[in-house]
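Take a look at the structure below.
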Amino acid sequence: MGAINQTLRLGRIGGVPVGVNWSVLLIFGLITWELAAFEFPASYGAGSHPAYWVAALVASVAFFLSLLAHEVSHAVVARHNGIGVRSITLWLFGGVAQLEGEALSPGADFRIAVVGPATSLALAGLFAVMSAVAPRLGVHGLPLGVPEWLWRINLLLAAFNVIPAAPLDGGRILRAGLWAWNHDRDRSAVLAARAGRVFGYVLMATGVFMFFVPDYGIAGLWPVALGWFLVSAARAEERWAQERHDVSGLTAAQVMSPPAPAVDGTTTVSQLLAHGAPWYRAEVLPVAEPSGRLVGLLSLERLARLPAAAHRTTRVAELAVPIAALPTARPDEPVLALFERMATSGLPVVVLDPEGRLLGVMTLTDVERAAERAHHRSSPR
């Protein structure tokens, strides 16, 4: 999912940042080319008339606006159900509304999921009405092809998204239904993700079969690529749900790692690297003032991104995430509540005692290790 972070920000809708992933440019180009070179000439006459490219561009832009409307609808309903929305990103095969938490009930889960396909279905109806009304207004030929293609593609999008396989909206609907039935959200999420993996493999097999059918050939790349993505995303969802289940009941004190020795914030990066033996096993380093007061945490990932030329002039405190920006927790706080906070912010949790002293640091890696240990303990031997 790291590719989803490589986005170009377009602005905000209702205060929510909206962006597009670099992969959208590829799909946008392919859709435009397919419409201009094949779809529209097949319906309105051969040739490479510039009007085909204009119509294809209009249709492609309208399609991605439809995708955006689909994701915005998820965000609106999530907010209505008390869940914050971190961002909306359009990417390779659709879009993602990144929520700041999970639905608290099967009903909320269902409402958030179903509104996306319902929006696509409503847009299909809107474009279908435009296609029916346009000839009565004297619109014929190529201009009519744009709304005709848009209603078909939005109908296809709605139908595809209700397939009961995570991470599709239909998988979320399946999860909500199973959750209402068995009262176990994480188990329901695992089952929905497994359905997503099965569907992904079916798509990939279909694509491979299409390679050997003369009328399809290279078009088999689409289901193979889509199936590969669904399998990967479903595996990630299953792993996430299984980890949530395995760490339920654990506290921050049971999962956190003891803090590494604090680094003086006035130390330069080159000095730190020259004397880094005490910290080589740590994922994050506490950073303190000369007085000993904790001021932040420095991740090794952030340290690695600093250009070598800046090592001598950059002080550790300049790279550290300020303590005020980090999620904090009590040692007796449930890990499950902190898990989502870490996943959303991408930051570790600082575990403090009642006097504000640092007891430990909890990263997603710590949670994964704790989940693995708990899973092994609970598995039959």
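To be explicit about the labels: the chains of the structure tokens are called A, B, and onward in the order shown, and within each one the residues are counted from 1, while ligands get numbers from 1 in the order they are shown.
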Need the shell around Val18 in chain A: protein/DNA/RNA residues with any atom at most 9 Å away, counting only C-alpha atoms. Skip same-chain ones fewer than 6 positions apart. Format as a VMD selection string?
chain A and resid 8 to 12 68 87 to 90
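The environment of range 359-373 of chain A within 7 Å, counting only C-alpha atoms and disregarding residues fewer than 5 places along the same chain, consists of Glu243, Asp246, Val247, Val255, Met256, Ser257, Pro258, Pro259, Pro348, Val349, Val350, Val351, Leu352 and Asp353 of chain A.
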Which residues are close to Ser345 in chain A, i.e. within 9 Å by only C-alpha atoms, leaving aside same-chain residues fewer than 4 positions away? Reply as a ChimeraX atom specification.
/A:100,326-327,340-341
Residues just named, written with C-alpha atoms as a PDB file, in the first residue's frame:
```pdb
ATOM      1  CA  GLU A 100      -9.434   7.364  11.015  1.00  0.00           C
ATOM      2  CA  LEU A 326       3.146  11.569  19.005  1.00  0.00           C
ATOM      3  CA  PRO A 327       0.286   9.402  20.277  1.00  0.00           C
ATOM      4  CA  GLU A 340      -5.755   1.827  14.863  1.00  0.00           C
ATOM      5  CA  ARG A 341      -4.238   5.092  16.092  1.00  0.00           C
TER       6      ARG A 341
END
```
Point-to-point distance in Å for CA of Val16 in chain A and CA of Arg302 in chain A:
25.9 Å
If you count only C-alpha atoms, which residues fall within 12 Å of Leu65 in chain A, apart from same-chain ones fewer than 3 positions away, as a short mmCIF file (atom, residue, chain, number, x, y, z; two decimals) with C-alpha atoms, in the first residue's frame?
```
data_model
loop_
_atom_site.label_atom_id
_atom_site.label_comp_id
_atom_site.auth_asym_id
_atom_site.auth_seq_id
_atom_site.Cartn_x
_atom_site.Cartn_y
_atom_site.Cartn_z
CA VAL A 18 -7.99 14.76 -2.02
CA VAL A 20 -4.39 11.19 -7.13
CA PHE A 28 -6.30 7.67 -17.60
CA VAL A 58 -14.17 14.34 -21.68
CA ALA A 59 -15.36 10.80 -20.95
CA SER A 60 -12.17 9.91 -19.04
CA VAL A 61 -12.34 13.03 -16.88
CA ALA A 62 -16.02 12.39 -16.15
CA LEU A 68 -14.23 10.58 -6.79
CA ALA A 69 -17.97 10.88 -6.09
CA HIS A 70 -17.97 7.18 -5.14
CA GLU A 71 -15.21 7.72 -2.57
CA VAL A 72 -16.62 11.00 -1.27
CA THR A 89 -6.96 9.13 -2.99
CA LEU A 90 -7.71 8.03 -6.54
CA GLY A 94 -10.46 3.13 -8.30
CA GLY A 95 -9.98 4.96 -5.07
CA THR A 119 -23.60 6.33 -5.75
CA SER A 120 -22.17 4.63 -8.85
CA LEU A 123 -24.60 8.12 -11.62
CA LEU A 150 -20.43 6.71 -18.87
CA ASN A 154 -20.70 3.34 -13.88
#
```
Do you have the CA of Val263 in chain A-CA of Pro354 in chain A distance handy?
22.8 Å
Which residues of range 216-254 of chain A sit at most 9 Å from range 165-171 of chain A, using only C-alpha atoms? Give each one's shortest atom pair and distance in Å (one decimal place), in chain and ascending residue order, as JSON lines.
```
{"residue": "A:Leu230", "atom": "CA", "partner": "A:Pro167", "partner_atom": "CA", "distance": 7.0}
{"residue": "A:Ala233", "atom": "CA", "partner": "A:Pro167", "partner_atom": "CA", "distance": 6.5}
{"residue": "A:Ala234", "atom": "CA", "partner": "A:Ala166", "partner_atom": "CA", "distance": 5.9}
{"residue": "A:Glu237", "atom": "CA", "partner": "A:Pro167", "partner_atom": "CA", "distance": 7.5}
```
Work out how far apart CA of Thr32 in chain A and CA of Trp53 in chain A are and give it in Å to one decimal.
7.2 Å
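Those residues that approach Val129 in chain A to within 9 Å, counting only C-alpha atoms, are Ala124, Ala134, Pro147 and Trp151 of chain A; same-chain residues fewer than 5 positions away are not listed.
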Got time to write the residues from that selection, N, CA and C atoms, as a PDB file, in the first residue's frame?
```pdb
ATOM      1  N   ALA A 124     -24.933   6.075 -12.906  1.00  0.00           N
ATOM      2  CA  ALA A 124     -25.303   5.334 -14.124  1.00  0.00           C
ATOM      3  C   ALA A 124     -26.700   5.729 -14.575  1.00  0.00           C
ATOM      4  N   ALA A 134     -31.006  13.269 -24.711  1.00  0.00           N
ATOM      5  CA  ALA A 134     -30.191  14.022 -25.666  1.00  0.00           C
ATOM      6  C   ALA A 134     -30.707  13.964 -27.100  1.00  0.00           C
ATOM      7  N   PRO A 147     -22.091  10.169 -22.805  1.00  0.00           N
ATOM      8  CA  PRO A 147     -22.959   9.707 -21.707  1.00  0.00           C
ATOM      9  C   PRO A 147     -23.334   8.230 -21.833  1.00  0.00           C
ATOM     10  N   TRP A 151     -22.698   5.777 -18.627  1.00  0.00           N
ATOM     11  CA  TRP A 151     -23.684   5.032 -17.844  1.00  0.00           C
ATOM     12  C   TRP A 151     -23.323   3.559 -17.787  1.00  0.00           C
TER      13      TRP A 151
END
```
DSSP on the backbone: which residues in range 238-331 of chain A end up as helix (DSSP H, G or I)? Give the answer as a PDB file with N, CA and C atoms, in the first residue's frame.
```
ATOM      1  N   GLU A 238      -6.604  -9.493   5.653  1.00  0.00           N
ATOM      2  CA  GLU A 238      -6.703 -10.676   6.515  1.00  0.00           C
ATOM      3  C   GLU A 238      -5.650 -10.613   7.621  1.00  0.00           C
ATOM      4  N   ARG A 239      -4.434 -10.217   7.254  1.00  0.00           N
ATOM      5  CA  ARG A 239      -3.369 -10.106   8.246  1.00  0.00           C
ATOM      6  C   ARG A 239      -3.715  -9.054   9.301  1.00  0.00           C
ATOM      7  N   TRP A 240      -4.261  -7.916   8.843  1.00  0.00           N
ATOM      8  CA  TRP A 240      -4.662  -6.840   9.750  1.00  0.00           C
ATOM      9  C   TRP A 240      -5.738  -7.325  10.723  1.00  0.00           C
ATOM     10  N   ALA A 241      -6.754  -7.993  10.198  1.00  0.00           N
ATOM     11  CA  ALA A 241      -7.851  -8.470  11.048  1.00  0.00           C
ATOM     12  C   ALA A 241      -7.370  -9.540  12.019  1.00  0.00           C
ATOM     13  N   GLN A 242      -6.475 -10.428  11.545  1.00  0.00           N
ATOM     14  CA  GLN A 242      -5.966 -11.484  12.425  1.00  0.00           C
ATOM     15  C   GLN A 242      -5.123 -10.884  13.546  1.00  0.00           C
ATOM     16  N   GLU A 243      -4.333  -9.858  13.218  1.00  0.00           N
ATOM     17  CA  GLU A 243      -3.520  -9.209  14.247  1.00  0.00           C
ATOM     18  C   GLU A 243      -4.398  -8.511  15.271  1.00  0.00           C
ATOM     19  N   ARG A 244      -5.457  -7.842  14.808  1.00  0.00           N
ATOM     20  CA  ARG A 244      -6.395  -7.213  15.732  1.00  0.00           C
ATOM     21  C   ARG A 244      -6.961  -8.251  16.708  1.00  0.00           C
ATOM     22  N   HIS A 245      -7.347  -9.385  16.164  1.00  0.00           N
ATOM     23  CA  HIS A 245      -7.916 -10.441  17.001  1.00  0.00           C
ATOM     24  C   HIS A 245      -6.884 -10.955  18.013  1.00  0.00           C
ATOM     25  N   ASP A 246      -5.647 -11.155  17.554  1.00  0.00           N
ATOM     26  CA  ASP A 246      -4.627 -11.751  18.413  1.00  0.00           C
ATOM     27  C   ASP A 246      -4.193 -10.825  19.546  1.00  0.00           C
ATOM     28  N   VAL A 247      -4.239  -9.498  19.336  1.00  0.00           N
ATOM     29  CA  VAL A 247      -3.781  -8.576  20.387  1.00  0.00           C
ATOM     30  C   VAL A 247      -4.928  -8.075  21.256  1.00  0.00           C
ATOM     31  N   ALA A 252      -0.710  -1.987  26.610  1.00  0.00           N
ATOM     32  CA  ALA A 252       0.496  -1.365  26.066  1.00  0.00           C
ATOM     33  C   ALA A 252       1.746  -1.878  26.769  1.00  0.00           C
ATOM     34  N   ALA A 253       1.670  -2.091  28.091  1.00  0.00           N
ATOM     35  CA  ALA A 253       2.834  -2.564  28.846  1.00  0.00           C
ATOM     36  C   ALA A 253       3.275  -3.950  28.386  1.00  0.00           C
ATOM     37  N   GLN A 254       2.339  -4.764  27.896  1.00  0.00           N
ATOM     38  CA  GLN A 254       2.661  -6.119  27.453  1.00  0.00           C
ATOM     39  C   GLN A 254       3.264  -6.169  26.058  1.00  0.00           C
ATOM     40  N   VAL A 255       3.106  -5.090  25.297  1.00  0.00           N
ATOM     41  CA  VAL A 255       3.528  -5.086  23.890  1.00  0.00           C
ATOM     42  C   VAL A 255       4.716  -4.162  23.639  1.00  0.00           C
ATOM     43  N   VAL A 269      23.992  14.185  13.232  1.00  0.00           N
ATOM     44  CA  VAL A 269      23.725  12.853  12.690  1.00  0.00           C
ATOM     45  C   VAL A 269      25.025  12.093  12.474  1.00  0.00           C
ATOM     46  N   SER A 270      26.057  12.761  12.005  1.00  0.00           N
ATOM     47  CA  SER A 270      27.336  12.071  11.781  1.00  0.00           C
ATOM     48  C   SER A 270      27.915  11.557  13.098  1.00  0.00           C
ATOM     49  N   GLN A 271      27.761  12.333  14.188  1.00  0.00           N
ATOM     50  CA  GLN A 271      28.232  11.868  15.492  1.00  0.00           C
ATOM     51  C   GLN A 271      27.432  10.665  15.965  1.00  0.00           C
ATOM     52  N   LEU A 272      26.119  10.711  15.739  1.00  0.00           N
ATOM     53  CA  LEU A 272      25.269   9.595  16.133  1.00  0.00           C
ATOM     54  C   LEU A 272      25.664   8.326  15.402  1.00  0.00           C
ATOM     55  N   LEU A 273      25.890   8.433  14.096  1.00  0.00           N
ATOM     56  CA  LEU A 273      26.246   7.264  13.304  1.00  0.00           C
ATOM     57  C   LEU A 273      27.624   6.731  13.672  1.00  0.00           C
ATOM     58  N   ALA A 274      28.526   7.622  14.081  1.00  0.00           N
ATOM     59  CA  ALA A 274      29.871   7.198  14.455  1.00  0.00           C
ATOM     60  C   ALA A 274      29.887   6.443  15.783  1.00  0.00           C
ATOM     61  N   ALA A 277      26.504   2.232  18.336  1.00  0.00           N
ATOM     62  CA  ALA A 277      26.390   0.877  18.864  1.00  0.00           C
ATOM     63  C   ALA A 277      25.237   0.678  19.851  1.00  0.00           C
ATOM     64  N   PRO A 278      25.003   1.613  20.792  1.00  0.00           N
ATOM     65  CA  PRO A 278      23.904   1.374  21.754  1.00  0.00           C
ATOM     66  C   PRO A 278      22.522   1.370  21.114  1.00  0.00           C
ATOM     67  N   TRP A 279      22.411   1.857  19.893  1.00  0.00           N
ATOM     68  CA  TRP A 279      21.087   2.029  19.291  1.00  0.00           C
ATOM     69  C   TRP A 279      20.846   1.139  18.074  1.00  0.00           C
ATOM     70  N   LEU A 300      14.572   5.338  12.600  1.00  0.00           N
ATOM     71  CA  LEU A 300      15.714   5.033  11.739  1.00  0.00           C
ATOM     72  C   LEU A 300      15.367   5.226  10.271  1.00  0.00           C
ATOM     73  N   GLU A 301      14.090   5.050   9.939  1.00  0.00           N
ATOM     74  CA  GLU A 301      13.646   5.278   8.561  1.00  0.00           C
ATOM     75  C   GLU A 301      13.845   6.745   8.175  1.00  0.00           C
ATOM     76  N   ARG A 302      13.481   7.641   9.104  1.00  0.00           N
ATOM     77  CA  ARG A 302      13.657   9.073   8.843  1.00  0.00           C
ATOM     78  C   ARG A 302      15.135   9.428   8.751  1.00  0.00           C
ATOM     79  N   LEU A 303      15.910   8.782   9.579  1.00  0.00           N
ATOM     80  CA  LEU A 303      17.352   9.014   9.567  1.00  0.00           C
ATOM     81  C   LEU A 303      17.954   8.568   8.242  1.00  0.00           C
ATOM     82  N   ALA A 304      17.486   7.443   7.721  1.00  0.00           N
ATOM     83  CA  ALA A 304      18.038   6.905   6.479  1.00  0.00           C
ATOM     84  C   ALA A 304      17.717   7.782   5.278  1.00  0.00           C
ATOM     85  N   ARG A 305      16.601   8.546   5.360  1.00  0.00           N
ATOM     86  CA  ARG A 305      16.214   9.391   4.223  1.00  0.00           C
ATOM     87  C   ARG A 305      17.028  10.680   4.144  1.00  0.00           C
ATOM     88  N   ALA A 308      23.381  12.147   2.730  1.00  0.00           N
ATOM     89  CA  ALA A 308      24.660  12.028   3.432  1.00  0.00           C
ATOM     90  C   ALA A 308      25.353  13.377   3.577  1.00  0.00           C
ATOM     91  N   ALA A 309      25.156  14.265   2.607  1.00  0.00           N
ATOM     92  CA  ALA A 309      25.812  15.571   2.660  1.00  0.00           C
ATOM     93  C   ALA A 309      25.344  16.415   3.840  1.00  0.00           C
ATOM     94  N   ALA A 310      24.156  16.088   4.387  1.00  0.00           N
ATOM     95  CA  ALA A 310      23.615  16.880   5.491  1.00  0.00           C
ATOM     96  C   ALA A 310      23.916  16.277   6.860  1.00  0.00           C
ATOM     97  N   VAL A 316      20.197  15.942  15.645  1.00  0.00           N
ATOM     98  CA  VAL A 316      19.200  14.892  15.827  1.00  0.00           C
ATOM     99  C   VAL A 316      17.828  15.480  16.153  1.00  0.00           C
ATOM    100  N   ALA A 317      17.800  16.538  16.971  1.00  0.00           N
ATOM    101  CA  ALA A 317      16.528  17.155  17.361  1.00  0.00           C
ATOM    102  C   ALA A 317      15.757  17.694  16.163  1.00  0.00           C
ATOM    103  N   GLU A 318      16.473  18.076  15.101  1.00  0.00           N
ATOM    104  CA  GLU A 318      15.813  18.614  13.909  1.00  0.00           C
ATOM    105  C   GLU A 318      15.061  17.526  13.152  1.00  0.00           C
ATOM    106  N   LEU A 319      15.495  16.275  13.266  1.00  0.00           N
ATOM    107  CA  LEU A 319      14.854  15.169  12.560  1.00  0.00           C
ATOM    108  C   LEU A 319      13.766  14.493  13.384  1.00  0.00           C
ATOM    109  N   ILE A 323       7.501  15.364  20.675  1.00  0.00           N
ATOM    110  CA  ILE A 323       6.718  14.525  21.574  1.00  0.00           C
ATOM    111  C   ILE A 323       5.245  14.910  21.559  1.00  0.00           C
ATOM    112  N   ALA A 324       4.959  16.196  21.341  1.00  0.00           N
ATOM    113  CA  ALA A 324       3.567  16.654  21.321  1.00  0.00           C
ATOM    114  C   ALA A 324       2.802  16.102  20.125  1.00  0.00           C
ATOM    115  N   ALA A 325       3.520  15.710  19.070  1.00  0.00           N
ATOM    116  CA  ALA A 325       2.852  15.189  17.869  1.00  0.00           C
ATOM    117  C   ALA A 325       2.668  13.680  17.911  1.00  0.00           C
TER     118      ALA A 325
END
```
Would you list, as JSON, numbers by chain, the residues of range 243-304 of chain A that end up in strand (DSSP E or B) under DSSP run on this structure's backbone?
{"A": [251, 257, 263, 264, 268, 284, 285, 286, 287, 288, 294, 295, 296, 297, 298, 299]}
Which one of A:Ala195, A:Leu137, A:Leu338, A:Leu297 sits closest to Pro164 in chain A if you count only C-alpha atoms?
A:Ala195
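In terms of minimum interatomic distance to Asn161 in chain A, A:Gly116 ranks closest within A:Gly200, A:Gly107, A:Gly15, A:Gly116, counting only C-alpha atoms.
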Just want the 10 Å neighbourhood of Leu104 in chain A, counted on only C-alpha atoms, with same-chain residues fewer than 3 positions away dropped. Output as a PyMOL selection string.
chain A and resi 81-83+101+107-109+185
Export of the given selection (N, CA and C atoms) as a PDB file, in the first residue's frame:
```pdb
ATOM      1  N   ASN A  81     -21.401   8.757  10.693  1.00  0.00           N
ATOM      2  CA  ASN A  81     -21.387   7.705  11.709  1.00  0.00           C
ATOM      3  C   ASN A  81     -20.260   7.885  12.724  1.00  0.00           C
ATOM      4  N   GLY A  82     -19.721   9.097  12.795  1.00  0.00           N
ATOM      5  CA  GLY A  82     -18.744   9.419  13.824  1.00  0.00           C
ATOM      6  C   GLY A  82     -17.326   8.991  13.550  1.00  0.00           C
ATOM      7  N   ILE A  83     -16.984   8.700  12.296  1.00  0.00           N
ATOM      8  CA  ILE A  83     -15.628   8.281  11.942  1.00  0.00           C
ATOM      9  C   ILE A  83     -14.972   9.369  11.105  1.00  0.00           C
ATOM     10  N   GLY A 101     -10.704   5.445  11.764  1.00  0.00           N
ATOM     11  CA  GLY A 101     -11.139   4.445  12.735  1.00  0.00           C
ATOM     12  C   GLY A 101     -12.012   3.417  12.054  1.00  0.00           C
ATOM     13  N   GLY A 107     -24.273  -2.191  11.547  1.00  0.00           N
ATOM     14  CA  GLY A 107     -25.106  -1.284  10.775  1.00  0.00           C
ATOM     15  C   GLY A 107     -24.307  -0.153  10.167  1.00  0.00           C
ATOM     16  N   ALA A 108     -23.414   0.454  10.969  1.00  0.00           N
ATOM     17  CA  ALA A 108     -22.569   1.533  10.447  1.00  0.00           C
ATOM     18  C   ALA A 108     -21.634   1.008   9.373  1.00  0.00           C
ATOM     19  N   ASP A 109     -21.075  -0.181   9.589  1.00  0.00           N
ATOM     20  CA  ASP A 109     -20.183  -0.789   8.604  1.00  0.00           C
ATOM     21  C   ASP A 109     -20.914  -0.981   7.280  1.00  0.00           C
ATOM     22  N   ARG A 185     -16.281  -9.111  14.897  1.00  0.00           N
ATOM     23  CA  ARG A 185     -15.887  -8.282  13.760  1.00  0.00           C
ATOM     24  C   ARG A 185     -14.628  -8.808  13.072  1.00  0.00           C
TER      25      ARG A 185
END
```
Counting only C-alpha atoms, figure out which residue out of A:Val224, A:Leu144, A:Val190, A:Ile27 gets nearest to Phe211 in chain A.
A:Val224
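Using only C-alpha atoms, the smallest distance between any of A:Ala205, A:Ala56, A:Val115, A:Leu25 and Gly145 in chain A comes from A:Ala56.
The residue that comes closest to Leu35 in chain A, out of A:Pro290, A:Trp149, A:Arg136, A:Glu102 and on the basis of only C-alpha atoms, is A:Trp149.
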